[in-house]
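Student: Structure provided below as C-alpha cells; questions to follow.
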Amino acid sequence: MSPVGVFDSGVGGLSVLAALRAELPHEHFVYFADTAYAPYGERGDAYVIERSRAVVEHLLREHGVKALVVACNTATTAAIHLLRADHPDLPIVGLEPGLKPAVAASRTGHVSVLATRGTLASAKYATLRASFAGSADVRPVPCDGLVKAIEGFDSAGIAALAERYMAEAGPFGDGPGEVDTVVLGCTHYPLVKDELAKHAPATLRFIDTGVPVAQQTRRLLASAGRLADATEATGAVGSLLLQSSGDVAVLEAAAARWLGLSAAATA
Ligand code: DGL
C-alpha cells in the first residue's frame with residue numbers, strides 16, 4: 001500500500017503528523033523534514049518553491065506517495081498552486097493560518113496571528129484576511145528566529161522569543177480591546193504552545209489547524225478512492241517512516257521529545 005507523504009521545512013509538521021495519525025490510523029506515512037534547507041519562512045518565495053518541488057519529486061520517486069500533505073504554512077502559501085499544477089492527479093492538502101475559526105471563536109474581536117514573515121507577507125494570507133477578518137482586529141506577529149530555535153532545541157532561545165512575541169501579540173484578556181484568541185500560523189509553534197501559554201492568561205484560546213487538516217486529508221483520500229482500510233494495514237496501525245535532508249537523528253529526537261513518536265527512520 002502506498003504511503004501518504006507529509007513534509008515541512010523541519011520538525012514543525014510533526015504537529016500535523018500527530019493529528020493525521022490519530023485521524024487515519026491505518027495509513028502508512030512518510031514524513032520528510034527539509035532540515036538542511038530550513039528555515040523557509042524568512043527566505044522568499046523562489047527558494048521555498050524550489051525546495052517544495054524538490055521534496056515532492058523525492059516523495060513521489062522514492063516512495064510513490066498516493067497523497068501529499070504540505071505540513072507547512074509557508075510552503076503552502078508560496079507553492080501549493082504550483083505543486084497542484086505539476087501533479088494534477090495527486091491529492092494535495094495544504095495548511096493556512098486558522099483565521100476563520102479564530103475570528104468565529106473570538107468574543108472580543110481581537111485576534112493575533114503568530115506566523116513566519118513569509119506567510120504573513122504572502123498574497124494568500126492577504127486573501128485569507130480579506131475573506132475572514134470581517135470587522136475583527138487581526139494583528140500579524142512575524143516570529144523571526146523562533147523556528148530556528150525550535151529546530152536547534154534551544155530552550156533558552158525558545159523561552160526568550162516566546163516571551164517577546166507573546167508581548168507583541170497581547171494585551172490578552174476578555175475585556176474590550178484585549179486579544180482573546182491567538183492563531184498558531186506555523187506548524188512549529190504548536191510544539192512550543194506550553195512555552196507561549198506561560199505569557200498569557202489560562203483563558204487565552206490558541207487555534208491550530210492540525211485536526212481539520214487531518215479531516216480534510218481523510219475526505220480527499222476517500223473521494224480519490226485511496227483510503228486505506230484496516231485489512232490493508234500491517235498490524236493495528238499504519239507504519240511511519242521519518243526522513244530528513246539533514247540529520248535524521250534530530251528529527252527522531254524531535255518526534256520523541258514533542259510527540260512521543262517512534263518510527264523507522266532512514267537518512
Ligand atoms: N513550519 C513552517 C510553517 O508552518 C515553516 C517554518 C520555516 O521554515 O520557517 O510555516
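Note on naming: chains are A, B, ... as they come in the C-alpha cells, residues start from 1 per chain, ligands start from 1 in the order shown.
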Let me have all residues with an atom within 6 Å of ligand 1, counting only C-alpha atoms and all ligand atoms, laid out as a VMD selection string.

Tutor: chain A and resid 8 to 9 12 38 to 41 72 to 74 116 147 186 to 188

Student: Keeping only C-alpha atoms, write those residues as a short mmCIF file (atom, residue, chain, number, x, y, z; two decimals), in the first residue's frame.

Tutor:
```cif
data_model
loop_
_atom_site.label_atom_id
_atom_site.label_comp_id
_atom_site.auth_asym_id
_atom_site.auth_seq_id
_atom_site.Cartn_x
_atom_site.Cartn_y
_atom_site.Cartn_z
CA ASP A 8 7.76 20.55 6.30
CA SER A 9 10.94 22.61 6.38
CA GLY A 12 7.15 21.56 12.71
CA ALA A 38 15.34 25.24 6.92
CA PRO A 39 14.02 27.66 7.88
CA TYR A 40 11.84 28.56 4.90
CA GLY A 41 9.98 31.44 6.49
CA CYS A 72 3.96 23.92 6.42
CA ASN A 73 2.05 27.21 6.15
CA THR A 74 4.99 28.91 4.45
CA THR A 116 6.57 33.31 9.71
CA VAL A 147 11.62 28.16 14.02
CA CYS A 186 3.23 27.98 11.65
CA THR A 187 3.33 24.26 12.27
CA HIS A 188 6.36 24.58 14.52
#
```

Student: Would you pick out the contacts of Tyr165 of chain A at 9 Å or less, using only C-alpha atoms, so that residues sharing its chain but fewer than 6 positions from it are not included, and give the list as a PyMOL selection string?

Tutor: chain A and resi 114+141-143+196

Student: Contacts of Val48 of chain A at 9 Å or less, counting only C-alpha atoms, minus same-chain residues fewer than 4 places along, as a list in words?

Tutor: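 Neighbouring residues, sequence-local ones excluded: Tyr40, Gly41, Arg43, Gly44, Ser52, Arg53, Thr74, Ala75, Ala78 and Ala79 of chain A.
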
Student: Using only C-alpha atoms, what does the table of segment 2-117 of chain A residues within 9 Å of segment 123-135 of chain A look like, with each row giving the shortest atom pair and its distance in Å to one decimal, sorted by chain and ascending number, as a tab-separated table?

Tutor:
```
residue	atom	partner	partner_atom	distance
A:Thr76	CA	A:Lys124	CA	9.0
A:Thr77	CA	A:Lys124	CA	5.7
A:Ala78	CA	A:Lys124	CA	8.1
A:Glu96	CA	A:Tyr125	CA	7.9
A:Pro97	CA	A:Tyr125	CA	8.0
A:Leu99	CA	A:Phe132	CA	6.5
A:Lys100	CA	A:Phe132	CA	5.3
A:Pro101	CA	A:Phe132	CA	9.0
A:Val103	CA	A:Ala133	CA	6.4
A:Ala104	CA	A:Phe132	CA	8.9
A:Gly109	CA	A:Ser135	CA	7.6
```

Student: Counting only C-alpha atoms, which residue out of A:Asp229, A:Asp194, A:Asp174, A:Glu151 sits closest to Ala36 of chain A?

Tutor: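 Among A:Asp229, A:Asp194, A:Asp174, A:Glu151, it is A:Glu151 that comes nearest to Ala36 of chain A.
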
Student: Neighbours of Gly10 of chain A within 6 Å (only C-alpha atoms; same-chain residues fewer than 6 positions away dropped), as an MDAnalysis selection string?

Tutor: chainID A and resid 33:35

Student: Once you have the residues from the selection above, write them out as an mmCIF file, in the first residue's frame, restricted to N, CA and C atoms.

Tutor:
```cif
data_model
loop_
_atom_site.group_PDB
_atom_site.id
_atom_site.type_symbol
_atom_site.label_atom_id
_atom_site.label_comp_id
_atom_site.auth_asym_id
_atom_site.auth_seq_id
_atom_site.Cartn_x
_atom_site.Cartn_y
_atom_site.Cartn_z
ATOM 1 N N ALA A 33 11.488 15.922 6.547
ATOM 2 C CA ALA A 33 11.890 17.216 7.113
ATOM 3 C C ALA A 33 13.023 17.773 6.255
ATOM 4 N N ASP A 34 12.806 18.962 5.695
ATOM 5 C CA ASP A 34 13.842 19.536 4.814
ATOM 6 C C ASP A 34 14.848 20.354 5.632
ATOM 7 N N THR A 35 15.335 19.729 6.663
ATOM 8 C CA THR A 35 16.145 20.396 7.684
ATOM 9 C C THR A 35 17.393 21.082 7.143
#
```

Student: Considering only C-alpha atoms, return as a PyMOL selection string whatever protein or nucleic-acid residues lie within 7 Å of segment 155-160 of chain A, sequence-local ones (same chain, fewer than 6 positions apart) excluded.

Tutor: chain A and resi 146+149+195

Student: Pick out each residue of segment 33-147 of chain A that DSSP on the backbone tags as helix (DSSP H, G or I); I need them as a ChimeraX atom specification.

Tutor: /A:35-37,45-63,73-86,99-105,117-121,123-132,146-147

Student: Just how far from atom CA of Ala255 of chain A is atom CA of Leu14 of chain A, in Å to one decimal?

Tutor: 6.8 Å

Student: Pick out the closest residue to Pro176 of chain A from this set: A:Val113, A:Arg219, A:Val6, A:Thr108. Count only C-alpha atoms.

Tutor: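 Under the stated criterion, the closest residue is A:Thr108.
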
Student: Go through A:Val211, A:Leu227, A:Ile49, A:Val192 and flag the residue nearest Val11 of chain A, using only C-alpha atoms for the distances.

Tutor: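 Under the stated criterion, the closest residue is A:Val192.
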
Student: Which of segment 130-177 of chain A counts as strand (DSSP E) under DSSP, as a list in words please?

Tutor: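 The strand (DSSP E) subset of segment 130-177 of chain A is Asp137, Val138, Arg139, Pro140, Val141 and Pro142 of chain A.
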